[in-house]
Every structure is written in structure tokens, then in C-alpha cells.
>>> print(open('target03.cif').read())   # mmCIF, C-alpha atoms
data_final
loop_
_atom_site.label_atom_id
_atom_site.label_comp_id
_atom_site.auth_asym_id
_atom_site.auth_seq_id
_atom_site.Cartn_x
_atom_site.Cartn_y
_atom_site.Cartn_z
CA MET F 69 149.15 21.56 27.64
CA ALA F 70 149.20 24.88 25.85
CA ILE F 71 146.07 27.06 25.79
CA PRO F 72 145.58 28.94 22.57
CA LEU F 73 145.60 32.74 22.78
CA SER F 74 142.34 33.12 20.83
CA SER F 75 140.37 31.15 23.44
CA LEU F 76 141.69 33.37 26.26
CA THR F 77 140.65 36.49 24.38
CA SER F 78 137.13 35.21 23.82
CA SER F 79 136.75 34.24 27.49
CA PHE F 80 137.76 37.74 28.72
CA ALA F 81 135.39 39.32 26.23
CA SER F 82 132.48 37.27 27.57
CA LEU F 83 132.91 38.75 31.07
CA SER F 84 130.66 41.86 31.77
CA PHE F 85 131.15 44.40 34.52
CA SER F 86 128.26 46.25 36.17
CA SER F 87 127.88 49.83 35.04
CA ASN F 88 125.86 50.85 38.13
CA VAL F 89 128.88 51.49 40.26
CA SER F 90 128.41 54.85 41.97
CA SER F 91 131.03 57.45 41.42
CA LYS F 92 130.31 59.06 44.84
CA PRO F 93 132.69 58.33 47.66
CA PRO F 94 131.36 55.98 50.34
CA SER F 95 129.59 57.61 53.25
CA PHE F 96 130.73 56.80 56.74
CA SER F 97 128.40 57.15 59.75
CA ILE F 98 129.86 58.75 62.86
CA PHE F 99 128.72 57.27 66.15
CA LEU F 100 128.59 59.88 68.93
CA PRO F 101 128.63 58.93 72.59
CA LYS F 102 125.33 59.12 74.46
CA SER F 103 126.54 62.01 76.61
CA LEU F 104 126.74 64.33 73.60
CA PRO F 105 123.49 65.79 72.22
CA ARG F 106 122.49 64.77 68.73
CA ILE F 107 121.53 67.33 66.15
CA ALA F 108 117.99 66.64 64.96
CA ALA F 109 117.71 69.23 62.22
CA ILE F 110 119.69 72.01 60.65
CA ARG F 111 118.36 75.43 61.64
CA SER F 112 117.83 77.95 58.92
CA ASN F 113 119.74 81.19 58.98
CA THR F 114 116.63 83.31 58.37
CA PRO F 115 115.75 85.58 61.34
CA ARG F 116 112.52 84.97 63.19
CA VAL F 117 109.98 87.76 63.77
CA VAL F 118 108.13 87.75 67.10
CA VAL F 119 104.83 89.60 67.27
CA ALA F 120 103.80 90.62 70.81
CA SER F 121 100.24 91.15 71.92
CA SER F 122 98.99 94.53 73.08
CA SER F 123 98.96 93.51 76.75
CA THR F 124 102.57 92.39 76.77
CA ALA F 125 103.85 94.68 74.08
CA VAL F 126 107.17 96.36 74.46
CA ALA F 127 106.51 100.04 74.81
CA ALA F 128 109.92 101.68 74.48
CA VAL F 129 113.63 101.08 74.79
CA SER F 130 115.58 103.64 76.79
CA GLY F 131 119.11 103.44 78.14
CA GLY F 132 119.57 99.88 76.95
CA GLY F 133 116.57 98.63 78.98
CA VAL F 134 113.10 97.61 77.90
CA ALA F 135 110.20 99.50 79.51
CA SER F 136 106.75 97.90 79.63
CA THR F 137 103.44 99.72 79.38
CA ALA F 138 102.99 99.57 83.16
CA ASP F 139 106.38 101.22 83.71
CA LEU F 140 105.53 103.94 81.22
CA GLU F 141 102.19 104.54 82.91
CA GLY F 142 103.98 104.91 86.25
CA LEU F 143 106.45 107.35 84.73
CA THR F 144 103.60 109.31 83.17
CA LEU F 145 101.75 109.59 86.49
CA GLU F 146 104.94 110.65 88.23
CA LYS F 147 105.50 113.42 85.68
CA TYR F 148 101.85 114.43 86.01
CA VAL F 149 102.09 114.70 89.81
CA LYS F 150 105.32 116.70 89.63
CA SER F 151 103.76 119.07 87.12
CA ARG F 152 100.73 119.57 89.38
CA LEU F 153 102.83 119.95 92.55
CA PRO F 154 105.70 122.32 91.77
CA GLY F 155 108.21 122.27 94.60
CA GLY F 156 107.00 118.92 95.94
CA PHE F 157 104.50 118.03 98.67
CA ALA F 158 106.03 120.28 101.33
CA ALA F 159 105.56 123.42 99.19
CA GLN F 160 101.78 123.04 98.88
CA ARG F 161 99.27 125.09 100.83
CA ILE F 162 96.34 122.69 101.28
CA ILE F 163 98.00 119.69 102.89
CA GLY F 164 96.96 117.35 105.68
CA THR F 165 98.84 114.63 107.54
CA GLY F 166 97.06 111.50 108.73
CA ARG F 167 98.32 108.64 110.88
CA ARG F 168 96.98 105.19 111.73
CA LYS F 169 98.93 102.39 113.44
CA CYS F 170 102.40 102.64 111.82
CA ALA F 171 101.18 104.31 108.62
CA ILE F 172 101.74 107.98 107.79
CA ALA F 173 100.08 109.74 104.86
CA ARG F 174 100.66 113.25 103.53
CA VAL F 175 97.69 114.43 101.49
CA VAL F 176 97.50 117.39 99.09
CA LEU F 177 94.19 118.72 97.75
CA GLN F 178 93.92 120.61 94.49
CA GLU F 179 90.93 121.63 92.45
CA GLY F 180 90.26 119.00 89.82
CA SER F 181 87.94 116.23 88.71
CA GLY F 182 88.25 113.71 91.55
CA LYS F 183 91.47 111.83 90.72
CA VAL F 184 93.18 110.00 93.58
CA ILE F 185 96.88 109.20 93.13
CA ILE F 186 98.78 107.38 95.88
CA ASN F 187 102.56 107.09 95.60
CA TYR F 188 102.40 107.93 91.87
CA ARG F 189 99.88 105.14 91.27
CA ASP F 190 96.13 105.11 90.79
CA ALA F 191 94.26 104.60 94.07
CA LYS F 192 92.30 101.59 92.81
CA GLU F 193 95.49 99.88 91.67
CA TYR F 194 97.45 100.81 94.81
CA LEU F 195 94.73 99.60 97.19
CA GLN F 196 94.26 96.41 95.12
CA GLY F 197 90.64 97.24 94.34
CA ASN F 198 89.53 96.63 97.94
CA PRO F 199 86.13 98.35 98.28
CA LEU F 200 86.50 98.95 102.04
CA TRP F 201 89.88 100.66 101.69
CA LEU F 202 88.62 102.74 98.77
CA GLN F 203 85.61 103.73 100.87
CA TYR F 204 87.94 105.00 103.61
CA VAL F 205 89.58 107.32 101.07
CA LYS F 206 86.33 108.61 99.56
CA THR F 207 84.31 109.11 102.77
CA PRO F 208 85.53 112.66 103.69
CA LEU F 209 84.80 114.02 100.21
CA LEU F 210 81.45 112.20 99.99
CA THR F 211 80.44 113.66 103.35
CA LEU F 212 80.83 117.20 102.02
CA GLY F 213 79.74 116.42 98.45
CA PHE F 214 83.18 117.23 96.96
CA GLU F 215 83.86 113.84 95.33
CA SER F 216 84.36 115.43 91.90
CA ASN F 217 85.74 118.82 92.95
CA TYR F 218 89.24 117.98 94.12
CA ASP F 219 92.21 115.92 92.98
CA ILE F 220 93.99 114.09 95.79
CA PHE F 221 97.74 113.46 95.76
CA VAL F 222 99.06 111.20 98.52
CA LYS F 223 102.49 110.13 99.68
CA ALA F 224 102.09 107.23 102.14
CA HIS F 225 104.58 104.96 103.88
CA GLY F 226 104.71 102.56 106.81
CA GLY F 227 102.22 99.96 107.97
CA GLY F 228 99.92 98.04 105.67
CA LEU F 229 97.38 99.06 103.09
CA SER F 230 94.51 99.09 105.60
CA GLY F 231 96.38 101.44 107.94
CA GLN F 232 97.46 103.63 105.04
CA ALA F 233 93.88 103.92 103.75
CA GLN F 234 92.64 105.09 107.16
CA ALA F 235 95.59 107.48 107.47
CA ILE F 236 94.70 108.94 104.06
CA SER F 237 91.11 109.44 105.24
CA LEU F 238 92.28 111.45 108.25
CA GLY F 239 94.71 113.43 106.08
CA ILE F 240 91.95 114.36 103.62
CA ALA F 241 89.66 115.46 106.45
CA ARG F 242 92.38 117.66 107.95
CA ALA F 243 93.17 119.14 104.53
CA LEU F 244 89.49 119.99 104.03
CA LEU F 245 89.60 122.01 107.24
CA LYS F 246 92.23 124.24 105.62
CA VAL F 247 89.83 124.86 102.76
CA SER F 248 87.16 126.10 105.15
CA GLU F 249 86.51 125.86 108.88
CA ASN F 250 82.82 125.46 108.13
CA HIS F 251 83.53 121.82 107.23
CA ARG F 252 84.47 120.95 110.80
CA SER F 253 80.97 120.22 112.11
CA ALA F 254 80.07 117.82 109.29
CA LEU F 255 83.41 116.00 109.49
CA ARG F 256 83.31 115.85 113.29
CA LYS F 257 79.81 114.38 113.18
CA GLU F 258 81.05 111.47 111.05
CA GLY F 259 84.09 110.97 113.30
CA LEU F 260 86.54 111.71 110.51
CA LEU F 261 88.68 114.14 112.54
CA THR F 262 89.42 111.71 115.38
CA ARG F 263 92.83 110.09 115.30
CA ASP F 264 92.39 106.37 115.95
CA SER F 265 95.07 105.65 118.54
CA ARG F 266 94.56 101.88 118.68
CA VAL F 267 97.66 99.85 117.96
CA VAL F 268 98.63 96.21 118.32
CA GLU F 269 99.15 95.26 121.96
CA ARG F 270 102.67 94.18 122.80
CA LYS F 271 103.58 90.55 123.34
CA LYS F 272 104.01 89.43 126.97
CA PRO F 273 106.79 87.12 128.21
CA GLY F 274 105.67 83.52 128.59
CA LEU F 275 102.70 84.02 126.25
CA LYS F 276 102.26 83.33 122.58
CA LYS F 277 100.94 86.80 121.79
CA ALA F 278 99.63 89.70 123.86
CA ARG F 279 97.16 87.49 125.75
CA LYS F 280 97.23 84.08 124.10
CA ALA F 281 98.82 81.51 126.43
CA PRO F 282 100.38 78.19 125.39
CA GLN F 283 98.12 75.16 125.60
CA PHE F 284 98.04 73.55 129.04
CA SER F 285 99.18 69.93 129.17
CA LYS F 286 98.31 67.95 132.32
CA ARG F 287 100.72 65.11 131.57
#
>>> encode(input="target03.cif", output="C-alpha cells")
Amino acid sequence: MAIPLSSLTSSFASLSFSSNVSSKPPSFSIFLPKSLPRIAAIRSNTPRVVVASSSTAVAAVSGGGVASTADLEGLTLEKYVKSRLPGGFAAQRIIGTGRRKCAIARVVLQEGSGKVIINYRDAKEYLQGNPLWLQYVKTPLLTLGFESNYDIFVKAHGGGLSGQAQAISLGIARALLKVSENHRSALRKEGLLTRDSRVVERKKPGLKKARKAPQFSKR
């Protein structure tokens, strides 16, 4: 049976193709293994600006390192002490050495407004704000009424802060004697010129400490 050509042409013409076919290539999803991290978002290439607070602000950059405000303050105090003490501690005239336990303190007195600098740091900061230790340092000057007449520069080492504070007190008292011998009676009356020779008693064999024995067990 022969099919006429006109009928075939009309049948092909009746067929319609969708015009919504996308011209974009198909997208393929890549499945990464669980061990590899997945990228959540694309970071922008714009630089970020970090603003630091005044307490943690970066003060200066020198020699490739970053110096904080505390470091700069320490450097400033060190320069200040060196400018006030030309030639170092040993070259000064009014100097006193104090000792307590294992601590040794070299004290220099100079006319000033009452500043106390210990190891290139402020006394209150160095002694951790302890009122008793600060009282040890101020007692010799308060006894004579010179709390605002002299600046005190101290180089201390050895022992703890308590021992160093008492060593500084003895050093200040001895330095005040070089100012005038008339200060001896007032300082001696307060016991500020006496070197406290008490030290920790040595540990004994068989004991826990100098005198503490191990607990007795009957059974």
C-alpha cells in the first residue's frame, strides 16, 4: 500500500518542538569525599581593616617586631633611669645596699618628687600593688618626712618580692645615712637600720621540713 507524499508532509508539519530548550550546557555536580573540606562561600578579595582598642593598640613597629604600650613604657622608664643615673648605679654617690633572706637591693637616692622605680618598673606595678610591701619601701622616708623630696632608683635581684621589699627598705635607710648622720637616731628608733638575719631553717634528714615529721602510723 503506497502512502501519498502529501499526507506525510502534513503529518510532519503538525508536529511542534518545544522552544524552551536551554542553550546553556548542562551542569554537573561534583561529589567530594567527606575527608575534604567543602567550600561554603567565596571570600571577597577586598582587604579587611582591623581597628584595635586603646588598651591593646599597637604602639610602634621597630626592627620587624611589634611593640605594645607596656613595652614602650618599660623602654621609656629605662631611658629615664639611665638619663638620671649617668655611669650606672655604681657611679652614684648616695647609694645604699640592703639584704633580706636571699634578696639583694641596691638603692640610689636623688632629689626629686618621690618616684620609686624598681628594675626599670614602677614600684606599685613591680610589687603587684601589695600594700604591705609598698609600706616597707615608704617607711624610711615617711619616718624622716622625706616622702616627696627624693626619687628612689632600685636594682633588686634574688629571693621573692617580700624579701626584696624589706631589702629595699634597709637600702633606703642606709642611703639616708649618707645624706646626713643626724638621721641615724630616728631610723634606729624605728629599727630600720637593723639587718634582719632570719632565714629559712634547713631541712633535716628523715623529716618533711626543718621540724615537721612524717605522720606516725601504728599499724
>>> residues_around(input="target03.cif", residues="Gly166 (chain F)", least_positions_apart="3", cutoff="8 Å", atoms="only C-alpha atoms", output="ChimeraX atom specification")
/F:172-175,234-240,242,263
>>> write_last_selection(input="target03.cif", atoms="C-alpha atoms", output="PDB file, in the coordinates of the input")
ATOM      1  CA  ILE F 172     101.740 107.980 107.790  1.00  0.00           C
ATOM      2  CA  ALA F 173     100.080 109.740 104.860  1.00  0.00           C
ATOM      3  CA  ARG F 174     100.660 113.250 103.530  1.00  0.00           C
ATOM      4  CA  VAL F 175      97.690 114.430 101.490  1.00  0.00           C
ATOM      5  CA  GLN F 234      92.640 105.090 107.160  1.00  0.00           C
ATOM      6  CA  ALA F 235      95.590 107.480 107.470  1.00  0.00           C
ATOM      7  CA  ILE F 236      94.700 108.940 104.060  1.00  0.00           C
ATOM      8  CA  SER F 237      91.110 109.440 105.240  1.00  0.00           C
ATOM      9  CA  LEU F 238      92.280 111.450 108.250  1.00  0.00           C
ATOM     10  CA  GLY F 239      94.710 113.430 106.080  1.00  0.00           C
ATOM     11  CA  ILE F 240      91.950 114.360 103.620  1.00  0.00           C
ATOM     12  CA  ARG F 242      92.380 117.660 107.950  1.00  0.00           C
ATOM     13  CA  ARG F 263      92.830 110.090 115.300  1.00  0.00           C
TER      14      ARG F 263
END
>>> resolve_selection(input="target03.cif", expression="the PyMOL selection byres ((chain F and resi 184) around 9)", output="ChimeraX atom specification")
/F:182-183,185-186,189-192,205,218-222
>>> atom_distance(input="target03.cif", atom1="CA of Gly213 (chain F)", atom2="CA of Leu229 (chain F)")
25.2 Å
>>> resolve_selection(input="target03.cif", expression="the PyMOL selection byres ((chain F and resi 169) around 8)", output="list of chain:residue names")
F:Arg167, F:Arg168, F:Cys170, F:Ala171, F:Gly227, F:Gly231, F:Ser265, F:Arg266, F:Val267, F:Val268
>>> resolve_selection(input="target03.cif", expression="the PyMOL selection byres ((chain F and resi 257-260) around 7)", output="number ranges by chain")
F: 208, 238, 241, 253-256, 261-262
>>> atom_distance(input="target03.cif", atom1="CA of Lys147 (chain F)", atom2="CA of Ser181 (chain F)")
18.0 Å
